[in-house]
Amino acid sequence: MTTDSTRTSNRTWTPTRPRNRTPWIIATAAALAIVTAGAFTTLAGLLVGPLHEEFGWSRGTIGLGTFVSMALYGATAPFAAALMDRFGMRRVATTALALVAAGAGLTTTMTASAQFVLYWGVFVGLGTGATATAFAATVTERWFVARRGLVTGLLTAASVVGQFVFLPVLSEVIDAHGWRSAALTLAVAATAALPLVWLLLRDHPADVDQPPYGAREFVPKPAPVPGAARRAVRVLARATRTAPFWLLAGTFAVCGASTNGVMWTHFAPAAHDHGMPVTVAASLLSLIGIFNVAGTVGSGLLTDRLDARRLLATYYALRGLTLLALPLLLTATVGPPIVTFVIVFGLLDVATVPPTLALCRAHYGSDAPVVFGWVNAAHQLGAGLVAFLGGTARDAFGSYDFVWVAAGALCAMGALMSLTIKAR
């Protein structure tokens with residue numbers, strides 16, 4: 001006996017133009033959530049000075065809250081991907097926005113450092129982690145068959161926009177109105193984005209009786225997967241028995257070490273060591289963030305057409321060369337050499353995400369979003385270790401030159417590991 005659902009799942013589908021727009025509306029809704037959450041990761045660095053001045057807390061104490069936020073950001077991603085399979089993307093994304101809004105709002109009322117760890121470290125860390133790269137991977141996996149690399153690049157670029165485009169804006173708000181106004185601004189932004197995301201986002205193409213973008217056949221909506229936490233751990237256990245997982249995790253740890261770990265943590269103080277004002281160094285970092293957008297979208301287009309392994313190897317090799325050259329380019333003033341570095345590094349910075357996700361998809365199929373969440377956790381681990389070790393090296397050697405050379409060497413290792421990933 002053939003049921004209606006069976007006929008629907010087996011039929012060939014030729015989407016009409018209006019129906020073809022829905023996946024892009026979904027991607028836009030996801031981008032809104034990602035941009036909003038990404039802005040919270042920028043504000044953390046701007047809070048250190050004001051909190052130190054107002055409460056007298058040590059920078060280490062403030063850093064503990066930031067560390068908890070970063071750690072949860074990385075650790076939340078694989079569990080968030082599994083929760084989306086259980087409860088749906090819309091519920092998880094809107095809950096994440098509610099968490100970051102609550103965390104930012106409550107931060108303005110705190111009087112003790114433990115409250116900063118709870119409000120900013122736990123609430124904001126969980127919320128931003130749930131709307132990070134694993135969320136983008138889930139949207140891409142469910143709603144797109146064609147243009148997956150492009151969509152991955154666009155959603156990754158949305159995170160970059162949230163992180164860096166708002167950096168100078170939030171800095172101006174803090175200078176003019178204080179840090180509480182900046183935190184409240186983000187809380188209001190997240191609160192305003194929440195109903196829009198709820199209205200526009202849908203969990204699966206079957207919810208609107210459509211196939212994924214580029215598919216010729218209707219795809220039935222899978223049943224909710226119970227035991228989200230257990231599933232995330234089971235997927236990790238299976239993935240760790242395969243060589244591609246360790247190679248992908250290793251390369252993405254190098255990615256985190258050579259971007260978040262070294263550039264976003266140590267570039268400004270290293271530039272200041274050469275006489276450059278910190279405000280100018282921060283502006284250069286914002287400029288890198290702008291070029292991230294072009295680099296990530298371009299990488300997504302290339303990932304749809306070229307071998308992802310060779311793309312990764314190229315990106316890491318070029319990034320390593322730029323980091324090796326950086327000690328020779330840093331001066332007290334901004335000239336063409338450092339501007340060239342900013343452009344090239346910006347184009348390469350987040351370009352590794354689309355090919356890494358494509359390789360996860362090729363090797364792990366429907367488990368790719370969860371696997372990518374664990375790979376992203378390795379990214380955060382690499383970033384945290386180099387952020388700490390870079391400061392230790394600066395204390396030991398009196399300059400950051402060794403840090404840049406070590407980061408360049410790590411990128412060379414990342415390039416070699418990329419080429420050894422088995423083709424699928």
# chains A, B, ... in the order shown; residues from 1 in each chain; ligands from 1
>>> closest_atom_pairs(of="segment 213-312 of chain A", to="segment 131-147 of chain A", cutoff="6 Å", atoms="only C-alpha atoms", output="Markdown table")
| residue | atom | partner | partner_atom | distance |
| --- | --- | --- | --- | --- |
| A:Tyr213 | CA | A:Phe144 | CA | 4.6 |
| A:Gly214 | CA | A:Ala146 | CA | 4.8 |
| A:Ala215 | CA | A:Val145 | CA | 5.9 |
>>> residues_around(residues="Ala415 of chain A", least_positions_apart="4", cutoff="12 Å", atoms="only C-alpha atoms", output="PDB file with N, CA and C atoms, in the first residue's frame")
ATOM      1  N   LEU A 247      42.662  14.735  12.122  1.00  0.00           N
ATOM      2  CA  LEU A 247      43.315  15.688  11.233  1.00  0.00           C
ATOM      3  C   LEU A 247      42.526  16.988  11.128  1.00  0.00           C
ATOM      4  N   LEU A 248      41.204  16.890  11.048  1.00  0.00           N
ATOM      5  CA  LEU A 248      40.380  18.091  10.993  1.00  0.00           C
ATOM      6  C   LEU A 248      40.448  18.861  12.304  1.00  0.00           C
ATOM      7  N   GLY A 250      42.923  18.771  14.407  1.00  0.00           N
ATOM      8  CA  GLY A 250      44.261  19.345  14.498  1.00  0.00           C
ATOM      9  C   GLY A 250      44.422  20.593  13.653  1.00  0.00           C
ATOM     10  N   THR A 251      43.919  20.555  12.427  1.00  0.00           N
ATOM     11  CA  THR A 251      44.034  21.741  11.578  1.00  0.00           C
ATOM     12  C   THR A 251      43.206  22.895  12.130  1.00  0.00           C
ATOM     13  N   PHE A 252      42.030  22.590  12.691  1.00  0.00           N
ATOM     14  CA  PHE A 252      41.207  23.681  13.209  1.00  0.00           C
ATOM     15  C   PHE A 252      41.758  24.219  14.526  1.00  0.00           C
ATOM     16  N   VAL A 254      44.954  24.557  14.934  1.00  0.00           N
ATOM     17  CA  VAL A 254      45.941  25.491  14.373  1.00  0.00           C
ATOM     18  C   VAL A 254      45.261  26.779  13.928  1.00  0.00           C
ATOM     19  N   CYS A 255      44.075  26.647  13.341  1.00  0.00           N
ATOM     20  CA  CYS A 255      43.315  27.824  12.916  1.00  0.00           C
ATOM     21  C   CYS A 255      43.024  28.732  14.112  1.00  0.00           C
ATOM     22  N   ALA A 308      38.583  20.606  -1.293  1.00  0.00           N
ATOM     23  CA  ALA A 308      38.641  21.302  -0.007  1.00  0.00           C
ATOM     24  C   ALA A 308      39.975  21.090   0.698  1.00  0.00           C
ATOM     25  N   ARG A 309      40.588  19.930   0.516  1.00  0.00           N
ATOM     26  CA  ARG A 309      41.871  19.659   1.181  1.00  0.00           C
ATOM     27  C   ARG A 309      42.958  20.593   0.670  1.00  0.00           C
ATOM     28  N   ARG A 310      43.008  20.770  -0.651  1.00  0.00           N
ATOM     29  CA  ARG A 310      44.032  21.655  -1.223  1.00  0.00           C
ATOM     30  C   ARG A 310      43.764  23.119  -0.874  1.00  0.00           C
ATOM     31  N   LEU A 311      42.487  23.473  -0.796  1.00  0.00           N
ATOM     32  CA  LEU A 311      42.169  24.836  -0.363  1.00  0.00           C
ATOM     33  C   LEU A 311      42.687  25.084   1.050  1.00  0.00           C
ATOM     34  N   LEU A 312      42.410  24.144   1.961  1.00  0.00           N
ATOM     35  CA  LEU A 312      42.886  24.307   3.335  1.00  0.00           C
ATOM     36  C   LEU A 312      44.396  24.424   3.391  1.00  0.00           C
ATOM     37  N   ALA A 313      45.088  23.558   2.677  1.00  0.00           N
ATOM     38  CA  ALA A 313      46.547  23.597   2.675  1.00  0.00           C
ATOM     39  C   ALA A 313      47.054  24.953   2.177  1.00  0.00           C
ATOM     40  N   THR A 314      46.431  25.477   1.145  1.00  0.00           N
ATOM     41  CA  THR A 314      46.833  26.781   0.611  1.00  0.00           C
ATOM     42  C   THR A 314      46.603  27.882   1.633  1.00  0.00           C
ATOM     43  N   TYR A 315      45.433  27.863   2.274  1.00  0.00           N
ATOM     44  CA  TYR A 315      45.120  28.907   3.258  1.00  0.00           C
ATOM     45  C   TYR A 315      46.122  28.895   4.411  1.00  0.00           C
ATOM     46  N   TYR A 316      46.412  27.707   4.948  1.00  0.00           N
ATOM     47  CA  TYR A 316      47.325  27.642   6.091  1.00  0.00           C
ATOM     48  C   TYR A 316      48.741  28.042   5.693  1.00  0.00           C
ATOM     49  N   ALA A 317      49.168  27.641   4.515  1.00  0.00           N
ATOM     50  CA  ALA A 317      50.520  27.996   4.071  1.00  0.00           C
ATOM     51  C   ALA A 317      50.655  29.507   3.912  1.00  0.00           C
ATOM     52  N   LEU A 318      49.690  30.132   3.265  1.00  0.00           N
ATOM     53  CA  LEU A 318      49.745  31.583   3.081  1.00  0.00           C
ATOM     54  C   LEU A 318      49.628  32.325   4.416  1.00  0.00           C
ATOM     55  N   ARG A 319      48.772  31.830   5.297  1.00  0.00           N
ATOM     56  CA  ARG A 319      48.653  32.472   6.609  1.00  0.00           C
ATOM     57  C   ARG A 319      49.958  32.382   7.383  1.00  0.00           C
ATOM     58  N   GLY A 320      50.610  31.224   7.307  1.00  0.00           N
ATOM     59  CA  GLY A 320      51.895  31.079   7.986  1.00  0.00           C
ATOM     60  C   GLY A 320      52.930  32.063   7.473  1.00  0.00           C
ATOM     61  N   LEU A 321      52.976  32.281   6.161  1.00  0.00           N
ATOM     62  CA  LEU A 321      53.924  33.231   5.591  1.00  0.00           C
ATOM     63  C   LEU A 321      53.645  34.653   6.064  1.00  0.00           C
ATOM     64  N   THR A 352      39.031  29.273   6.284  1.00  0.00           N
ATOM     65  CA  THR A 352      39.172  27.840   6.542  1.00  0.00           C
ATOM     66  C   THR A 352      37.851  27.162   6.905  1.00  0.00           C
ATOM     67  N   GLY A 408      53.573  30.806  12.774  1.00  0.00           N
ATOM     68  CA  GLY A 408      53.832  30.475  11.369  1.00  0.00           C
ATOM     69  C   GLY A 408      54.192  29.009  11.190  1.00  0.00           C
ATOM     70  N   ALA A 409      54.986  28.483  12.135  1.00  0.00           N
ATOM     71  CA  ALA A 409      55.351  27.062  12.065  1.00  0.00           C
ATOM     72  C   ALA A 409      54.124  26.166  12.259  1.00  0.00           C
ATOM     73  N   LEU A 410      53.226  26.554  13.166  1.00  0.00           N
ATOM     74  CA  LEU A 410      51.996  25.794  13.357  1.00  0.00           C
ATOM     75  C   LEU A 410      51.165  25.768  12.073  1.00  0.00           C
ATOM     76  N   CYS A 411      51.118  26.894  11.370  1.00  0.00           N
ATOM     77  CA  CYS A 411      50.357  26.946  10.119  1.00  0.00           C
ATOM     78  C   CYS A 411      50.957  26.015   9.070  1.00  0.00           C
ATOM     79  N   LEU A 419      46.647  18.148   3.685  1.00  0.00           N
ATOM     80  CA  LEU A 419      46.894  17.334   2.497  1.00  0.00           C
ATOM     81  C   LEU A 419      46.814  15.839   2.790  1.00  0.00           C
ATOM     82  N   THR A 420      46.947  15.449   4.063  1.00  0.00           N
ATOM     83  CA  THR A 420      46.914  14.023   4.397  1.00  0.00           C
ATOM     84  C   THR A 420      45.504  13.513   4.707  1.00  0.00           C
ATOM     85  N   ILE A 421      44.518  14.403   4.699  1.00  0.00           N
ATOM     86  CA  ILE A 421      43.126  13.956   4.910  1.00  0.00           C
ATOM     87  C   ILE A 421      42.681  13.129   3.719  1.00  0.00           C
TER      88      ILE A 421
END
>>> atom_distance(atom1="atom CA of Ile290 of chain A", atom2="atom CA of Leu359 of chain A")
25.9 Å
>>> atom_distance(atom1="atom CA of Val403 of chain A", atom2="atom CA of Thr156 of chain A")
26.9 Å
>>> closest_residue(among="A:Val188, A:Leu32, A:Leu194, A:Ala39", to="Leu97 of chain A", atoms="only C-alpha atoms")
A:Leu194
>>> residues_around(residues="Ala358 of chain A", least_positions_apart="2", cutoff="10 Å", atoms="only C-alpha atoms", output="NGL selection string")
:A and (137 or 148-149 or 152 or 300 or 303-304 or 307-309 or 353-356 or 360-365 or 368 or 372)
